[in-house]
Amino acid sequence: MDNELIELASSLIRIPSVTGGEGEIVSFLSSYLASRGFCTEMLPSGSVAGIVDGGLPGPSIVLDGHIDTVGVGDRSSWSFDPFAGDIVDGMIRGRGASDMKCGVASSITAASRFIGSRFPGRIIVACIVEEERFEGIASREITKRFSPDFAIIAESTDGKLNIGQRGRAEIRIESSGVSCHSSNPEEGVNAIYTMIDAIRRIDSMPVPEHPVLGRGIMALTDIISEPYPGMSVIPSRSKATYDRRTLPGESAESIASSINSCLQGIDAKASVAYGETTTYSGVRLSAPRFFPAWIYDESAPLVSLARKGLEKAGLFKGFGHYSFCTNGSHYAGEEGIETIGYGPGQERLAHIADEAITVESLLSSCEGLYAILSSIIHQGNA
């Protein structure tokens with residue numbers, strides 16, 4: 001089974017699947033899942049699910065893994081083919097190795113070990129599109145279709161059992177001014193200077209902090225003025241975007257309200273951006289760009305079962321949490337479905353040139369996922 005897992009991971013890496021171009025990898029996975037005995041189901045947005053039904057009453061468990069990747073960027077920054085999927089010095093290499101095709105391969109292989117056996121519940125391996133562009137939005141179809149009791153996010157955890165993550169909000173700041181010819185700037189009000197005042201106010205705001213998840217970072221990511229290019233015109237509007245890492249208990253409304261309170265007296269306003277995307281299958285998805293944070297206590301039922309399974313397998317390496325955002329924002333943050341994270345590789349290796357993970361991590365994660373699934377299905381008695 002080890003060789004089969006490695007070959008699956010390599011095959012997935014060899015198929016380019018930048019967000020919006022997942023059609024080929026979905027076709028591959030649909031055929032692969034069916035050939036291994038999974039029941040398969042296509043979701044409207046283009047995600048594919050592989051289902052193993054145990055035939056007895058029990059929990060529905062989702063293993064969530066996104067199959068899209070970011071682009072490769074400057075190819076000259078890679079020392080090898082980004083889509084090699086080869087193994088060199090014990091490392092499996094290529095775009096998506098860490099984020100997160102090896103996690104998808106581990107999930108499929110772990111779940112496949114239950115095919116043909118009777119057990120309480122069912123396992124749904126959800127191969128999700130669009131995550132890199134819009135975390136959680138395509139996973140909503142999984143919840144609607146399968147009503148899971150538990151969710152396992154197979155993003156990289158470096159072998160730890162992750163029990164939470166910071167969320168994310170895309171904050172739009174808009175400032176207003178009065179346009180005029182730039183040869184007579186005193187006749188207008190430059191919206192960029194208003195924006196500069198707003199940014200200074202925002203940068204002086206206290207940053208919330210969580211004892212486990214850390215700081216609710218607010219990072220300025222872009223500024224643009226209107227009209228653009230200026231062409232001798234004082235801009236009448238300016239827009240800035242902030243990436244705000246959210247913490248448990250924060251809402252889109254509370255974040256926007258706190259920023260607007262800070263901006264009182266300035267002709268600028270904060271709001272949560274609204275996003276739209278069209279998947280490779282032609283389905284249009286839209287929602288506010290707010291992705292909730294979540295965290296569970298170490299004694300939570302799913303966390304306890306997962307820990308017990310990993311301990312029995314000799315694979316428990318302690319608890320952790322994600323710094324980046326995952327589809328867990330939907331399951332745990334939006335729906336309150338008990339969620340954990342467990343997957344191969346290290347979070348810091350996502351989105352970099354020369355992306356790679358160790359084969360050892362790939363194999364260990366599969367064993368760990370199997371141990372977690374067994375513990376949940378048999379309520380810790382396996």
# chains A, B, ... in the order shown; residues from 1 in each chain; ligands from 1

call {"tool": "residues_around", "arguments": {"residues": "Ser117 (chain A)", "least_positions_apart": "4", "cutoff": "10 Å", "atoms": "only C-alpha atoms", "output": "count of residues only"}}
result
5

call {"tool": "closest_atom_pairs", "arguments": {"of": "region 129-203 of chain A", "to": "region 17-33 of chain A", "cutoff": "7 Å", "atoms": "only C-alpha atoms", "output": "tab-separated table"}}
result
residue	atom	partner	partner_atom	distance
A:Val129	CA	A:Glu22	CA	6.9
A:Glu130	CA	A:Thr19	CA	5.6
A:Glu132	CA	A:Thr19	CA	6.6
A:Arg133	CA	A:Thr19	CA	6.8

call {"tool": "write_last_selection", "arguments": {"atoms": "N, CA and C atoms", "output": "PDB file, in the first residue's frame"}}
result
ATOM      1  N   VAL A 129     -12.482  21.946  -4.837  1.00  0.00           N
ATOM      2  CA  VAL A 129     -11.934  22.967  -5.738  1.00  0.00           C
ATOM      3  C   VAL A 129     -12.015  24.345  -5.070  1.00  0.00           C
ATOM      4  N   GLU A 130     -11.305  25.306  -5.645  1.00  0.00           N
ATOM      5  CA  GLU A 130     -11.446  26.742  -5.330  1.00  0.00           C
ATOM      6  C   GLU A 130     -10.946  27.178  -3.950  1.00  0.00           C
ATOM      7  N   GLU A 132      -7.946  27.809  -2.736  1.00  0.00           N
ATOM      8  CA  GLU A 132      -6.903  28.832  -2.718  1.00  0.00           C
ATOM      9  C   GLU A 132      -7.465  30.225  -3.010  1.00  0.00           C
ATOM     10  N   ARG A 133      -8.563  30.280  -3.714  1.00  0.00           N
ATOM     11  CA  ARG A 133      -9.158  31.565  -4.066  1.00  0.00           C
ATOM     12  C   ARG A 133     -10.259  31.971  -3.087  1.00  0.00           C
TER      13      ARG A 133
END

call {"tool": "residues_around", "arguments": {"residues": "region 249-256 of chain A", "least_positions_apart": "4", "cutoff": "9 Å", "atoms": "only C-alpha atoms", "output": "list in words"}}
result
Ala169, Ile171, Arg244, Asn260, Ser261, Lys269, Ala270, Ser271, Val272, Pro288, Arg289, Phe290, Phe291, Pro292, Ala293 and Trp294 of chain A

call {"tool": "residues_around", "arguments": {"residues": "Lys308 (chain A)", "least_positions_apart": "4", "cutoff": "9 Å", "atoms": "only C-alpha atoms", "output": "PyMOL selection string"}}
result
chain A and resi 303-304+312-313+316+371-372+375+380

call {"tool": "write_last_selection", "arguments": {"atoms": "N, CA and C atoms", "output": "mmCIF file, in the first residue's frame"}}
result
data_model
loop_
_atom_site.group_PDB
_atom_site.id
_atom_site.type_symbol
_atom_site.label_atom_id
_atom_site.label_comp_id
_atom_site.auth_asym_id
_atom_site.auth_seq_id
_atom_site.Cartn_x
_atom_site.Cartn_y
_atom_site.Cartn_z
ATOM 1 N N VAL A 303 -11.511 15.620 19.383
ATOM 2 C CA VAL A 303 -10.092 15.768 19.712
ATOM 3 C C VAL A 303 -9.626 14.587 20.568
ATOM 4 N N SER A 304 -10.431 14.210 21.556
ATOM 5 C CA SER A 304 -10.064 13.102 22.431
ATOM 6 C C SER A 304 -9.963 11.782 21.669
ATOM 7 N N LYS A 312 -2.471 5.208 20.249
ATOM 8 C CA LYS A 312 -2.416 3.758 20.056
ATOM 9 C C LYS A 312 -1.486 3.382 18.905
ATOM 10 N N ALA A 313 -1.413 4.263 17.917
ATOM 11 C CA ALA A 313 -0.542 3.997 16.767
ATOM 12 C C ALA A 313 0.886 4.495 17.001
ATOM 13 N N PHE A 316 1.178 10.179 18.156
ATOM 14 C CA PHE A 316 0.747 11.463 18.715
ATOM 15 C C PHE A 316 1.972 12.324 19.027
ATOM 16 N N ALA A 371 -5.621 5.689 11.836
ATOM 17 C CA ALA A 371 -5.789 5.505 13.285
ATOM 18 C C ALA A 371 -6.888 6.415 13.826
ATOM 19 N N ILE A 372 -6.944 7.653 13.336
ATOM 20 C CA ILE A 372 -7.978 8.587 13.778
ATOM 21 C C ILE A 372 -9.356 8.089 13.351
ATOM 22 N N SER A 375 -10.466 5.159 15.431
ATOM 23 C CA SER A 375 -10.862 5.558 16.784
ATOM 24 C C SER A 375 -12.233 6.215 16.788
ATOM 25 N N GLY A 380 -13.006 4.955 20.079
ATOM 26 C CA GLY A 380 -11.804 4.818 20.894
ATOM 27 C C GLY A 380 -11.489 3.420 21.343
#

call {"tool": "closest_residue", "arguments": {"among": "A:Gln264, A:Arg122, A:Gly368, A:Met100", "to": "Glu311 (chain A)", "atoms": "only C-alpha atoms"}}
result
A:Gly368

call {"tool": "residues_around", "arguments": {"residues": "Val72 (chain A)", "least_positions_apart": "2", "cutoff": "10 Å", "atoms": "only C-alpha atoms", "output": "list of chain:residue names"}}
result
A:Pro16, A:Val18, A:Thr69, A:Val70, A:Asp74, A:Arg75, A:Ser76, A:Ser77, A:Trp78, A:Asp81, A:Pro82, A:Phe83, A:Gly94, A:Arg95, A:Gly96, A:His351, A:Ile352, A:Ala353, A:Asp354, A:Glu355

call {"tool": "select_by_dssp", "arguments": {"residues": "region 32-240 of chain A", "states": "strand (DSSP E or B)", "output": "JSON, numbers by chain"}}
result
{"A": [39, 40, 41, 42, 48, 49, 50, 51, 52, 53, 55, 56, 57, 58, 59, 60, 61, 62, 63, 64, 65, 66, 69, 87, 88, 91, 92, 93, 119, 120, 121, 122, 123, 124, 125, 126, 127, 128, 150, 151, 152, 153, 161, 162, 163, 164, 165, 167, 168, 169, 170, 171, 172, 173, 174, 175, 176, 178, 181, 189, 209, 210, 214, 215, 218, 219, 220, 221, 222, 223, 224, 225, 226, 233, 237, 238, 239, 240]}

call {"tool": "residues_around", "arguments": {"residues": "Gly343 (chain A)", "least_positions_apart": "3", "cutoff": "6 Å", "atoms": "only C-alpha atoms", "output": "mmCIF file with N, CA, C and O atoms, in the first residue's frame"}}
result
data_model
loop_
_atom_site.group_PDB
_atom_site.id
_atom_site.type_symbol
_atom_site.label_atom_id
_atom_site.label_comp_id
_atom_site.auth_asym_id
_atom_site.auth_seq_id
_atom_site.Cartn_x
_atom_site.Cartn_y
_atom_site.Cartn_z
ATOM 1 N N GLY A 103 -1.716 15.408 1.174
ATOM 2 C CA GLY A 103 -2.787 15.239 2.148
ATOM 3 C C GLY A 103 -4.003 14.569 1.540
ATOM 4 O O GLY A 103 -4.658 13.736 2.173
ATOM 5 N N ALA A 154 -7.034 17.769 6.066
ATOM 6 C CA ALA A 154 -5.751 17.083 5.851
ATOM 7 C C ALA A 154 -4.647 18.021 5.380
ATOM 8 O O ALA A 154 -3.675 17.596 4.761
ATOM 9 N N GLU A 155 -4.780 19.321 5.675
ATOM 10 C CA GLU A 155 -3.693 20.258 5.409
ATOM 11 C C GLU A 155 -2.490 19.919 6.301
ATOM 12 O O GLU A 155 -2.627 19.268 7.346
ATOM 13 N N SER A 156 -1.330 20.400 5.923
ATOM 14 C CA SER A 156 -0.090 20.077 6.634
ATOM 15 C C SER A 156 -0.130 20.477 8.104
ATOM 16 O O SER A 156 -0.519 21.604 8.435
ATOM 17 N N THR A 157 0.283 19.544 8.968
ATOM 18 C CA THR A 157 0.359 19.836 10.405
ATOM 19 C C THR A 157 1.692 19.412 11.013
ATOM 20 O O THR A 157 1.863 19.487 12.218
ATOM 21 N N SER A 365 1.460 10.155 7.786
ATOM 22 C CA SER A 365 0.163 10.824 7.859
ATOM 23 C C SER A 365 -0.970 9.876 7.480
ATOM 24 O O SER A 365 -2.064 9.948 8.053
#

call {"tool": "residues_around", "arguments": {"residues": "Ser323 (chain A)", "least_positions_apart": "5", "cutoff": "9 Å", "atoms": "only C-alpha atoms", "output": "list of chain:residue names"}}
result
A:Gly164, A:Gln165, A:Arg166, A:Gly167, A:Leu213, A:Gly214, A:Arg245, A:Glu347

call {"tool": "write_last_selection", "arguments": {"atoms": "N, CA and C atoms", "output": "short mmCIF file (atom, residue, chain, number, x, y, z; two decimals), in the first residue's frame"}}
result
data_model
loop_
_atom_site.label_atom_id
_atom_site.label_comp_id
_atom_site.auth_asym_id
_atom_site.auth_seq_id
_atom_site.Cartn_x
_atom_site.Cartn_y
_atom_site.Cartn_z
N GLY A 164 -7.32 24.02 15.94
CA GLY A 164 -7.86 25.35 15.70
C GLY A 164 -7.12 26.06 14.59
N GLN A 165 -7.62 27.21 14.23
CA GLN A 165 -6.95 28.05 13.23
C GLN A 165 -7.46 29.48 13.35
N ARG A 166 -6.60 30.42 12.97
CA ARG A 166 -7.08 31.78 12.76
C ARG A 166 -7.91 31.79 11.48
N GLY A 167 -8.90 32.68 11.44
CA GLY A 167 -9.67 32.87 10.23
C GLY A 167 -9.10 34.02 9.43
N LEU A 213 -3.96 30.95 19.49
CA LEU A 213 -3.85 31.24 18.06
C LEU A 213 -2.99 32.45 17.74
N GLY A 214 -2.70 33.26 18.74
CA GLY A 214 -1.82 34.40 18.51
C GLY A 214 -2.55 35.67 18.13
N ARG A 245 -6.36 38.71 9.97
CA ARG A 245 -6.44 37.35 10.50
C ARG A 245 -7.34 37.37 11.73
N GLU A 347 3.47 23.44 7.39
CA GLU A 347 2.71 24.61 6.92
C GLU A 347 3.60 25.63 6.23
#
